[in-house]
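Chemist: Have a peek at final-v4.txt (compact mmCIF, N, CA and C atoms).
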```
# COMPACT_ATOMS: atom_id res chain seq x y z
N MET F 17 0.84 -1.18 0.00
CA MET F 17 0.00 0.00 0.00
C MET F 17 0.89 1.25 0.00
N SER F 18 0.38 2.28 -0.64
CA SER F 18 1.09 3.55 -0.73
C SER F 18 0.11 4.69 -0.52
N GLU F 19 0.63 5.82 -0.04
CA GLU F 19 -0.20 7.01 -0.02
C GLU F 19 -0.44 7.46 -1.44
N LEU F 20 -1.62 7.99 -1.68
CA LEU F 20 -1.97 8.48 -3.01
C LEU F 20 -0.94 9.46 -3.53
N ARG F 21 -0.45 10.34 -2.67
CA ARG F 21 0.52 11.36 -3.10
C ARG F 21 1.80 10.75 -3.67
N ALA F 22 2.13 9.51 -3.28
CA ALA F 22 3.33 8.86 -3.79
C ALA F 22 3.12 8.26 -5.18
N VAL F 23 1.87 8.04 -5.55
CA VAL F 23 1.55 7.43 -6.84
C VAL F 23 1.16 8.49 -7.87
N ALA F 24 0.38 9.47 -7.45
CA ALA F 24 -0.12 10.52 -8.35
C ALA F 24 0.95 11.59 -8.57
N GLU F 25 0.88 12.22 -9.72
CA GLU F 25 1.77 13.34 -10.01
C GLU F 25 1.35 14.58 -9.22
N LYS F 26 0.04 14.79 -9.12
CA LYS F 26 -0.47 15.96 -8.39
C LYS F 26 -1.90 15.69 -7.95
N VAL F 27 -2.22 16.15 -6.74
CA VAL F 27 -3.59 16.10 -6.23
C VAL F 27 -3.97 17.54 -5.94
N ARG F 28 -5.07 18.00 -6.57
CA ARG F 28 -5.45 19.41 -6.47
C ARG F 28 -6.93 19.50 -6.13
N SER F 29 -7.28 20.47 -5.31
CA SER F 29 -8.69 20.74 -5.05
C SER F 29 -8.95 22.22 -5.27
N LYS F 30 -10.20 22.51 -5.64
CA LYS F 30 -10.58 23.91 -5.89
C LYS F 30 -12.09 24.01 -5.90
N ASN F 31 -12.56 25.23 -5.87
CA ASN F 31 -13.99 25.46 -5.98
C ASN F 31 -14.47 25.11 -7.37
N ALA F 32 -15.69 24.62 -7.42
CA ALA F 32 -16.38 24.43 -8.68
C ALA F 32 -17.67 25.24 -8.55
N GLY F 33 -17.51 26.53 -8.35
CA GLY F 33 -18.62 27.42 -8.04
C GLY F 33 -18.75 27.55 -6.53
N PRO F 34 -19.67 28.35 -6.06
CA PRO F 34 -19.79 28.59 -4.61
C PRO F 34 -20.39 27.44 -3.82
N PHE F 35 -20.93 26.43 -4.51
CA PHE F 35 -21.62 25.34 -3.81
C PHE F 35 -20.94 23.98 -3.94
N TRP F 36 -19.91 23.87 -4.78
CA TRP F 36 -19.27 22.57 -5.04
C TRP F 36 -17.76 22.68 -4.94
N LEU F 37 -17.12 21.55 -4.58
CA LEU F 37 -15.67 21.39 -4.61
C LEU F 37 -15.33 20.34 -5.65
N THR F 38 -14.13 20.43 -6.20
CA THR F 38 -13.65 19.39 -7.09
C THR F 38 -12.23 19.02 -6.68
N ILE F 39 -11.95 17.74 -6.71
CA ILE F 39 -10.61 17.22 -6.43
C ILE F 39 -10.14 16.52 -7.68
N ASP F 40 -9.00 16.95 -8.21
CA ASP F 40 -8.42 16.37 -9.41
C ASP F 40 -7.16 15.61 -9.03
N ILE F 41 -7.06 14.37 -9.49
CA ILE F 41 -5.88 13.55 -9.25
C ILE F 41 -5.22 13.32 -10.60
N PHE F 42 -4.10 14.00 -10.82
CA PHE F 42 -3.37 13.89 -12.07
C PHE F 42 -2.35 12.76 -11.91
N CYS F 43 -2.49 11.73 -12.72
CA CYS F 43 -1.69 10.52 -12.51
C CYS F 43 -0.38 10.50 -13.29
N GLY F 44 -0.30 11.19 -14.42
CA GLY F 44 0.96 11.31 -15.13
C GLY F 44 1.28 10.19 -16.10
N SER F 45 0.71 9.01 -15.90
CA SER F 45 0.97 7.89 -16.81
C SER F 45 -0.23 6.95 -16.78
N PRO F 46 -0.41 6.17 -17.82
CA PRO F 46 -1.51 5.19 -17.82
C PRO F 46 -1.38 4.18 -16.68
N GLU F 47 -0.15 3.81 -16.33
CA GLU F 47 0.05 2.84 -15.24
C GLU F 47 -0.40 3.41 -13.90
N ALA F 48 0.01 4.64 -13.61
CA ALA F 48 -0.40 5.29 -12.36
C ALA F 48 -1.90 5.52 -12.35
N TYR F 49 -2.46 5.91 -13.50
CA TYR F 49 -3.90 6.11 -13.60
C TYR F 49 -4.65 4.81 -13.25
N GLY F 50 -4.21 3.70 -13.83
CA GLY F 50 -4.86 2.42 -13.54
C GLY F 50 -4.78 2.06 -12.07
N ARG F 51 -3.66 2.33 -11.46
CA ARG F 51 -3.49 2.03 -10.04
C ARG F 51 -4.42 2.89 -9.18
N VAL F 52 -4.50 4.17 -9.50
CA VAL F 52 -5.38 5.07 -8.74
C VAL F 52 -6.84 4.71 -9.01
N ARG F 53 -7.21 4.52 -10.24
CA ARG F 53 -8.58 4.19 -10.61
C ARG F 53 -9.06 2.94 -9.88
N ASP F 54 -8.22 1.91 -9.86
CA ASP F 54 -8.61 0.64 -9.27
C ASP F 54 -8.41 0.59 -7.75
N GLY F 55 -7.50 1.39 -7.23
CA GLY F 55 -7.15 1.29 -5.82
C GLY F 55 -7.77 2.31 -4.90
N LEU F 56 -8.45 3.30 -5.46
CA LEU F 56 -9.03 4.37 -4.65
C LEU F 56 -10.55 4.30 -4.72
N ALA F 57 -11.17 3.92 -3.63
CA ALA F 57 -12.62 3.80 -3.58
C ALA F 57 -13.27 5.17 -3.34
N THR F 58 -14.37 5.39 -4.02
CA THR F 58 -15.13 6.63 -3.82
C THR F 58 -15.58 6.76 -2.37
N SER F 59 -15.93 5.65 -1.75
CA SER F 59 -16.36 5.68 -0.34
C SER F 59 -15.23 6.14 0.57
N ALA F 60 -14.00 5.79 0.27
CA ALA F 60 -12.86 6.25 1.07
C ALA F 60 -12.67 7.75 0.94
N VAL F 61 -12.84 8.28 -0.26
CA VAL F 61 -12.75 9.72 -0.47
C VAL F 61 -13.86 10.43 0.30
N ALA F 62 -15.06 9.90 0.22
CA ALA F 62 -16.19 10.51 0.95
C ALA F 62 -15.91 10.55 2.44
N ARG F 63 -15.42 9.44 3.00
CA ARG F 63 -15.11 9.40 4.44
C ARG F 63 -14.05 10.43 4.80
N ALA F 64 -12.99 10.52 3.99
CA ALA F 64 -11.90 11.45 4.27
C ALA F 64 -12.37 12.90 4.25
N LEU F 65 -13.36 13.18 3.42
CA LEU F 65 -13.85 14.55 3.28
C LEU F 65 -15.08 14.83 4.15
N GLY F 66 -15.53 13.83 4.89
CA GLY F 66 -16.70 14.02 5.74
C GLY F 66 -17.99 14.21 4.95
N ALA F 67 -18.05 13.59 3.77
CA ALA F 67 -19.21 13.73 2.90
C ALA F 67 -20.01 12.43 2.86
N ARG F 68 -21.25 12.53 2.47
CA ARG F 68 -22.07 11.33 2.26
C ARG F 68 -21.65 10.72 0.92
N GLY F 69 -21.51 9.41 0.90
CA GLY F 69 -21.06 8.72 -0.31
C GLY F 69 -21.90 9.02 -1.52
N GLN F 70 -23.22 9.11 -1.34
CA GLN F 70 -24.09 9.34 -2.49
C GLN F 70 -23.98 10.76 -3.05
N ASP F 71 -23.32 11.67 -2.31
CA ASP F 71 -23.15 13.04 -2.78
C ASP F 71 -21.86 13.23 -3.59
N VAL F 72 -20.96 12.26 -3.52
CA VAL F 72 -19.67 12.38 -4.21
C VAL F 72 -19.80 11.81 -5.62
N LYS F 73 -19.48 12.63 -6.60
CA LYS F 73 -19.51 12.23 -8.01
C LYS F 73 -18.08 11.92 -8.45
N ARG F 74 -17.92 10.81 -9.15
CA ARG F 74 -16.59 10.39 -9.59
C ARG F 74 -16.53 10.38 -11.11
N PHE F 75 -15.40 10.84 -11.65
CA PHE F 75 -15.17 10.86 -13.08
C PHE F 75 -13.78 10.27 -13.35
N ASP F 76 -13.73 9.12 -14.02
CA ASP F 76 -12.48 8.50 -14.43
C ASP F 76 -12.23 8.90 -15.88
N ILE F 77 -11.17 9.67 -16.12
CA ILE F 77 -10.91 10.23 -17.44
C ILE F 77 -9.61 9.63 -17.98
N ALA F 78 -9.71 8.49 -18.63
CA ALA F 78 -8.53 7.74 -19.08
C ALA F 78 -7.70 8.52 -20.09
N SER F 79 -8.35 9.27 -20.97
CA SER F 79 -7.61 10.00 -22.01
C SER F 79 -6.69 11.07 -21.43
N LEU F 80 -6.96 11.50 -20.19
CA LEU F 80 -6.12 12.50 -19.52
C LEU F 80 -5.33 11.93 -18.35
N ASN F 81 -5.53 10.65 -18.05
CA ASN F 81 -4.93 10.02 -16.86
C ASN F 81 -5.31 10.78 -15.59
N VAL F 82 -6.59 11.09 -15.48
CA VAL F 82 -7.10 11.88 -14.35
C VAL F 82 -8.29 11.17 -13.71
N VAL F 83 -8.32 11.17 -12.39
CA VAL F 83 -9.50 10.77 -11.63
C VAL F 83 -9.98 12.02 -10.92
N LYS F 84 -11.27 12.30 -11.06
CA LYS F 84 -11.83 13.55 -10.53
C LYS F 84 -13.01 13.23 -9.64
N PHE F 85 -13.13 13.96 -8.54
CA PHE F 85 -14.27 13.85 -7.63
C PHE F 85 -14.88 15.23 -7.47
N SER F 86 -16.21 15.29 -7.46
CA SER F 86 -16.93 16.54 -7.19
C SER F 86 -17.92 16.27 -6.08
N LEU F 87 -18.07 17.24 -5.18
CA LEU F 87 -18.98 17.09 -4.06
C LEU F 87 -19.45 18.46 -3.59
N PRO F 88 -20.60 18.49 -2.94
CA PRO F 88 -21.09 19.75 -2.40
C PRO F 88 -20.14 20.28 -1.31
N ARG F 89 -19.94 21.58 -1.31
CA ARG F 89 -19.15 22.21 -0.23
C ARG F 89 -19.91 22.07 1.08
N PRO F 90 -19.20 21.84 2.19
CA PRO F 90 -19.90 21.76 3.48
C PRO F 90 -20.53 23.09 3.89
N GLN F 91 -19.91 24.18 3.47
CA GLN F 91 -20.46 25.52 3.66
C GLN F 91 -20.38 26.25 2.32
N ILE F 92 -21.32 27.10 2.07
CA ILE F 92 -21.29 27.91 0.85
C ILE F 92 -20.04 28.78 0.89
N GLN F 93 -19.38 28.93 -0.25
CA GLN F 93 -18.17 29.74 -0.33
C GLN F 93 -18.45 31.14 0.21
N GLY F 94 -17.61 31.58 1.13
CA GLY F 94 -17.72 32.91 1.69
C GLY F 94 -18.64 33.02 2.89
N ALA F 95 -19.32 31.94 3.25
CA ALA F 95 -20.17 31.97 4.43
C ALA F 95 -19.30 32.15 5.67
N GLN F 96 -19.90 32.58 6.74
CA GLN F 96 -19.16 32.85 7.97
C GLN F 96 -18.38 31.61 8.45
N ASP F 97 -18.94 30.43 8.26
CA ASP F 97 -18.29 29.20 8.71
C ASP F 97 -17.31 28.62 7.70
N ASP F 98 -17.16 29.23 6.53
CA ASP F 98 -16.27 28.71 5.50
C ASP F 98 -14.82 28.98 5.90
N ARG F 99 -14.05 27.90 6.06
CA ARG F 99 -12.66 28.02 6.49
C ARG F 99 -11.68 27.94 5.33
N ASP F 100 -12.18 27.76 4.11
CA ASP F 100 -11.31 27.62 2.95
C ASP F 100 -12.02 28.22 1.73
N MET F 101 -11.89 29.51 1.56
CA MET F 101 -12.60 30.24 0.50
C MET F 101 -12.34 29.68 -0.90
N HIS F 102 -11.14 29.16 -1.13
CA HIS F 102 -10.77 28.71 -2.48
C HIS F 102 -10.88 27.20 -2.66
N GLY F 103 -11.13 26.48 -1.59
CA GLY F 103 -11.27 25.03 -1.68
C GLY F 103 -9.96 24.30 -1.87
N ALA F 104 -8.84 24.96 -1.60
CA ALA F 104 -7.53 24.38 -1.89
C ALA F 104 -7.03 23.36 -0.87
N SER F 105 -7.51 23.40 0.35
CA SER F 105 -6.95 22.54 1.39
C SER F 105 -7.50 21.11 1.38
N TRP F 106 -8.58 20.87 0.69
CA TRP F 106 -9.21 19.55 0.67
C TRP F 106 -8.33 18.50 0.02
N ALA F 107 -7.48 18.89 -0.89
CA ALA F 107 -6.60 17.95 -1.60
C ALA F 107 -5.71 17.18 -0.64
N ASN F 108 -5.27 17.82 0.42
CA ASN F 108 -4.37 17.16 1.37
C ASN F 108 -5.02 15.95 2.03
N LEU F 109 -6.30 16.05 2.33
CA LEU F 109 -7.01 14.93 2.95
C LEU F 109 -7.06 13.73 2.02
N VAL F 110 -7.23 13.98 0.74
CA VAL F 110 -7.29 12.89 -0.24
C VAL F 110 -5.88 12.36 -0.53
N ALA F 111 -4.90 13.23 -0.61
CA ALA F 111 -3.53 12.81 -0.92
C ALA F 111 -2.97 11.85 0.13
N GLU F 112 -3.48 11.90 1.35
CA GLU F 112 -2.99 11.04 2.42
C GLU F 112 -3.63 9.65 2.43
N LEU F 113 -4.64 9.43 1.59
CA LEU F 113 -5.31 8.13 1.57
C LEU F 113 -4.38 7.04 1.06
N GLU F 114 -4.52 5.86 1.63
CA GLU F 114 -3.74 4.70 1.20
C GLU F 114 -4.46 4.01 0.03
N ILE F 115 -3.68 3.62 -0.98
CA ILE F 115 -4.24 2.86 -2.10
C ILE F 115 -3.42 1.58 -2.28
N ASP F 116 -4.03 0.59 -2.92
CA ASP F 116 -3.34 -0.68 -3.17
C ASP F 116 -2.32 -0.52 -4.27
```
Translate this structure into structure tokens?

Modeler:
Amino acid sequence: MSELRAVAEKVRSKNAGPFWLTIDIFCGSPEAYGRVRDGLATSAVARALGARGQDVKRFDIASLNVVKFSLPRPQIQGAQDDRDMHGASWANLVAELEID
């Protein structure tokens, strides 16, 4: 097992509008993409982000060697309780996940 950050070239998160976050996992090669695609469960990502599994949308994009997740923001961007206006810190939680 390895941390995702050791397999992926880059893990990035950002806002996808004021109500959604997106996490992009850039794999860099077809081999790394296959490992991430097959070894990273959507349910594990949901748990790491404190989201309900049915709210997390997954997109496996083989032509780009990218695995992408989108989910509702826990707070609307800019709300008083929003601790990450740009959505950039969420990537770290995913990058620490163990994959096969």

Chemist: Ranking F:Pro88, F:Pro34, F:Pro46, F:Gly103 by minimum distance to Asp71 (chain F) and counting all atoms listed in the file, which one comes first?

Modeler: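 Answer, going by the shortest atom-to-atom distance: F:Pro88.
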
Chemist: Can you work out the spacing between CA of Ser86 (chain F) and CA of Lys73 (chain F) in Å, to one decimal?

Modeler: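 Computed distance, CA of Ser86 (chain F) to CA of Lys73 (chain F), equals 5.1 Å.
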
Chemist: I need the strand (DSSP E or B) residues of chain F per DSSP on the backbone, written as a PDB file with N, CA and C atoms, keeping the file's coordinate frame.

Modeler:
```pdb
ATOM      1  N   SER F  18       0.380   2.280  -0.640  1.00  0.00           N
ATOM      2  CA  SER F  18       1.090   3.550  -0.730  1.00  0.00           C
ATOM      3  C   SER F  18       0.110   4.690  -0.520  1.00  0.00           C
ATOM      4  N   GLU F  19       0.630   5.820  -0.040  1.00  0.00           N
ATOM      5  CA  GLU F  19      -0.200   7.010  -0.020  1.00  0.00           C
ATOM      6  C   GLU F  19      -0.440   7.460  -1.440  1.00  0.00           C
ATOM      7  N   LYS F  26       0.040  14.790  -9.120  1.00  0.00           N
ATOM      8  CA  LYS F  26      -0.470  15.960  -8.390  1.00  0.00           C
ATOM      9  C   LYS F  26      -1.900  15.690  -7.950  1.00  0.00           C
ATOM     10  N   VAL F  27      -2.220  16.150  -6.740  1.00  0.00           N
ATOM     11  CA  VAL F  27      -3.590  16.100  -6.230  1.00  0.00           C
ATOM     12  C   VAL F  27      -3.970  17.540  -5.940  1.00  0.00           C
ATOM     13  N   ARG F  28      -5.070  18.000  -6.570  1.00  0.00           N
ATOM     14  CA  ARG F  28      -5.450  19.410  -6.470  1.00  0.00           C
ATOM     15  C   ARG F  28      -6.930  19.500  -6.130  1.00  0.00           C
ATOM     16  N   SER F  29      -7.280  20.470  -5.310  1.00  0.00           N
ATOM     17  CA  SER F  29      -8.690  20.740  -5.050  1.00  0.00           C
ATOM     18  C   SER F  29      -8.950  22.220  -5.270  1.00  0.00           C
ATOM     19  N   LYS F  30     -10.200  22.510  -5.640  1.00  0.00           N
ATOM     20  CA  LYS F  30     -10.580  23.910  -5.890  1.00  0.00           C
ATOM     21  C   LYS F  30     -12.090  24.010  -5.900  1.00  0.00           C
ATOM     22  N   ASN F  31     -12.560  25.230  -5.870  1.00  0.00           N
ATOM     23  CA  ASN F  31     -13.990  25.460  -5.980  1.00  0.00           C
ATOM     24  C   ASN F  31     -14.470  25.110  -7.370  1.00  0.00           C
ATOM     25  N   TRP F  36     -19.910  23.870  -4.780  1.00  0.00           N
ATOM     26  CA  TRP F  36     -19.270  22.570  -5.040  1.00  0.00           C
ATOM     27  C   TRP F  36     -17.760  22.680  -4.940  1.00  0.00           C
ATOM     28  N   LEU F  37     -17.120  21.550  -4.580  1.00  0.00           N
ATOM     29  CA  LEU F  37     -15.670  21.390  -4.610  1.00  0.00           C
ATOM     30  C   LEU F  37     -15.330  20.340  -5.650  1.00  0.00           C
ATOM     31  N   THR F  38     -14.130  20.430  -6.200  1.00  0.00           N
ATOM     32  CA  THR F  38     -13.650  19.390  -7.090  1.00  0.00           C
ATOM     33  C   THR F  38     -12.230  19.020  -6.680  1.00  0.00           C
ATOM     34  N   ILE F  39     -11.950  17.740  -6.710  1.00  0.00           N
ATOM     35  CA  ILE F  39     -10.610  17.220  -6.430  1.00  0.00           C
ATOM     36  C   ILE F  39     -10.140  16.520  -7.680  1.00  0.00           C
ATOM     37  N   ASP F  40      -9.000  16.950  -8.210  1.00  0.00           N
ATOM     38  CA  ASP F  40      -8.420  16.370  -9.410  1.00  0.00           C
ATOM     39  C   ASP F  40      -7.160  15.610  -9.030  1.00  0.00           C
ATOM     40  N   ILE F  41      -7.060  14.370  -9.490  1.00  0.00           N
ATOM     41  CA  ILE F  41      -5.880  13.550  -9.250  1.00  0.00           C
ATOM     42  C   ILE F  41      -5.220  13.320 -10.600  1.00  0.00           C
ATOM     43  N   PHE F  42      -4.100  14.000 -10.820  1.00  0.00           N
ATOM     44  CA  PHE F  42      -3.370  13.890 -12.070  1.00  0.00           C
ATOM     45  C   PHE F  42      -2.350  12.760 -11.910  1.00  0.00           C
ATOM     46  N   LYS F  73     -19.480  12.630  -6.600  1.00  0.00           N
ATOM     47  CA  LYS F  73     -19.510  12.230  -8.010  1.00  0.00           C
ATOM     48  C   LYS F  73     -18.080  11.920  -8.450  1.00  0.00           C
ATOM     49  N   ARG F  74     -17.920  10.810  -9.150  1.00  0.00           N
ATOM     50  CA  ARG F  74     -16.590  10.390  -9.590  1.00  0.00           C
ATOM     51  C   ARG F  74     -16.530  10.380 -11.110  1.00  0.00           C
ATOM     52  N   PHE F  75     -15.400  10.840 -11.650  1.00  0.00           N
ATOM     53  CA  PHE F  75     -15.170  10.860 -13.080  1.00  0.00           C
ATOM     54  C   PHE F  75     -13.780  10.270 -13.350  1.00  0.00           C
ATOM     55  N   ASP F  76     -13.730   9.120 -14.020  1.00  0.00           N
ATOM     56  CA  ASP F  76     -12.480   8.500 -14.430  1.00  0.00           C
ATOM     57  C   ASP F  76     -12.230   8.900 -15.880  1.00  0.00           C
ATOM     58  N   ILE F  77     -11.170   9.670 -16.120  1.00  0.00           N
ATOM     59  CA  ILE F  77     -10.910  10.230 -17.440  1.00  0.00           C
ATOM     60  C   ILE F  77      -9.610   9.630 -17.980  1.00  0.00           C
ATOM     61  N   VAL F  82      -6.590  11.090 -15.480  1.00  0.00           N
ATOM     62  CA  VAL F  82      -7.100  11.880 -14.350  1.00  0.00           C
ATOM     63  C   VAL F  82      -8.290  11.170 -13.710  1.00  0.00           C
ATOM     64  N   VAL F  83      -8.320  11.170 -12.390  1.00  0.00           N
ATOM     65  CA  VAL F  83      -9.500  10.770 -11.630  1.00  0.00           C
ATOM     66  C   VAL F  83      -9.980  12.020 -10.920  1.00  0.00           C
ATOM     67  N   LYS F  84     -11.270  12.300 -11.060  1.00  0.00           N
ATOM     68  CA  LYS F  84     -11.830  13.550 -10.530  1.00  0.00           C
ATOM     69  C   LYS F  84     -13.010  13.230  -9.640  1.00  0.00           C
ATOM     70  N   PHE F  85     -13.130  13.960  -8.540  1.00  0.00           N
ATOM     71  CA  PHE F  85     -14.270  13.850  -7.630  1.00  0.00           C
ATOM     72  C   PHE F  85     -14.880  15.230  -7.470  1.00  0.00           C
ATOM     73  N   SER F  86     -16.210  15.290  -7.460  1.00  0.00           N
ATOM     74  CA  SER F  86     -16.930  16.540  -7.190  1.00  0.00           C
ATOM     75  C   SER F  86     -17.920  16.270  -6.080  1.00  0.00           C
ATOM     76  N   LEU F  87     -18.070  17.240  -5.180  1.00  0.00           N
ATOM     77  CA  LEU F  87     -18.980  17.090  -4.060  1.00  0.00           C
ATOM     78  C   LEU F  87     -19.450  18.460  -3.590  1.00  0.00           C
ATOM     79  N   PRO F  88     -20.600  18.490  -2.940  1.00  0.00           N
ATOM     80  CA  PRO F  88     -21.090  19.750  -2.400  1.00  0.00           C
ATOM     81  C   PRO F  88     -20.140  20.280  -1.310  1.00  0.00           C
ATOM     82  N   GLU F 114      -4.520   5.860   1.630  1.00  0.00           N
ATOM     83  CA  GLU F 114      -3.740   4.700   1.200  1.00  0.00           C
ATOM     84  C   GLU F 114      -4.460   4.010   0.030  1.00  0.00           C
ATOM     85  N   ILE F 115      -3.680   3.620  -0.980  1.00  0.00           N
ATOM     86  CA  ILE F 115      -4.240   2.860  -2.100  1.00  0.00           C
ATOM     87  C   ILE F 115      -3.420   1.580  -2.280  1.00  0.00           C
TER      88      ILE F 115
END
```

Chemist: As JSON, please: the centre and edge lengths in Å, to one decimal, of an axis-aligned box enclosing every listed atom of region 72-91 of chain F with 4 Å added on each side.

Modeler:
```
{"center_x": -13.0, "center_y": 17.0, "center_z": -9.1, "size_x": 24.2, "size_y": 26.5, "size_z": 33.9}
```

Chemist: Write out as a PyMOL selection string each polymer residue whose atoms come within 5 Å of Val82 (chain F), counting all atoms listed in the file; drop sequence neighbours fewer than 3 positions from it.

Modeler: chain F and resi 41-43+77

Chemist: Quick check, in Å to one decimal: how far apart do CA of Glu114 (chain F) and atom C of Glu19 (chain F) lie?

Modeler: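 Between CA of Glu114 (chain F) and atom C of Glu19 (chain F) the gap is 5.0 Å.
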
Chemist: Skip Ser29 (chain F) itself and residues of its chain fewer than 2 positions away, then list as number ranges by chain all residues within 12 Å of it, counting only C-alpha atoms.

Modeler: F: 26-27, 31-32, 36-42, 65, 83-87, 89, 100-111

Chemist: According to DSSP computed on the backbone, where in region 71-109 of chain F is there helix (DSSP H, G or I)? Give the residues as a PyMOL selection string.

Modeler: chain F and resi 71+78-80+106-109

Chemist: Identify which of the residues F:Ser79, F:Gly33, F:Gly69, F:Glu47 lies closest to Gln93 (chain F), counting all atoms listed in the file when measuring atom-to-atom distances.

Modeler: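 Under the stated criterion, the closest residue is F:Gly33.
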
Chemist: So, with only N, CA and C atoms as the atoms that count, which of F:Ala24, F:Arg74, F:Met17, F:Asp97 lies closest to Tyr49 (chain F)?

Modeler: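 Among the listed residues, F:Ala24 lies closest to Tyr49 (chain F).
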
Chemist: Quick one, how far is atom C of Lys30 (chain F) from atom C of Arg63 (chain F)?

Modeler: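 Answer for the atom C of Lys30 (chain F) to atom C of Arg63 (chain F) separation: 17.4 Å.
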
Chemist: When you count only N, CA and C atoms, which of these residues is closest to Val61 (chain F): F:Ala48, F:Leu113, F:Leu20, F:Leu80?

Modeler: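 For Val61 (chain F), the nearest of the candidates is F:Leu113.
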
Chemist: Quick one: residues within 7 Å of Ser45 (chain F), all atoms listed in the file counted, chain neighbours fewer than 5 positions away excluded, as a PyMOL selection string?

Modeler: chain F and resi 25+50+81

Chemist: I want to know what sits within 8 Å of Arg68 (chain F), based on all atoms listed in the file, with residues of the same chain fewer than 6 positions away left out; could you give that as number ranges by chain?

Modeler: F: 58-59, 61-62

Chemist: Nearest to Ile115 (chain F): which of F:Phe75, F:Gly55, F:Ile92, F:Val23 is it, counting only C-alpha atoms?

Modeler: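 Closest to Ile115 (chain F), using only C-alpha atoms: F:Gly55.
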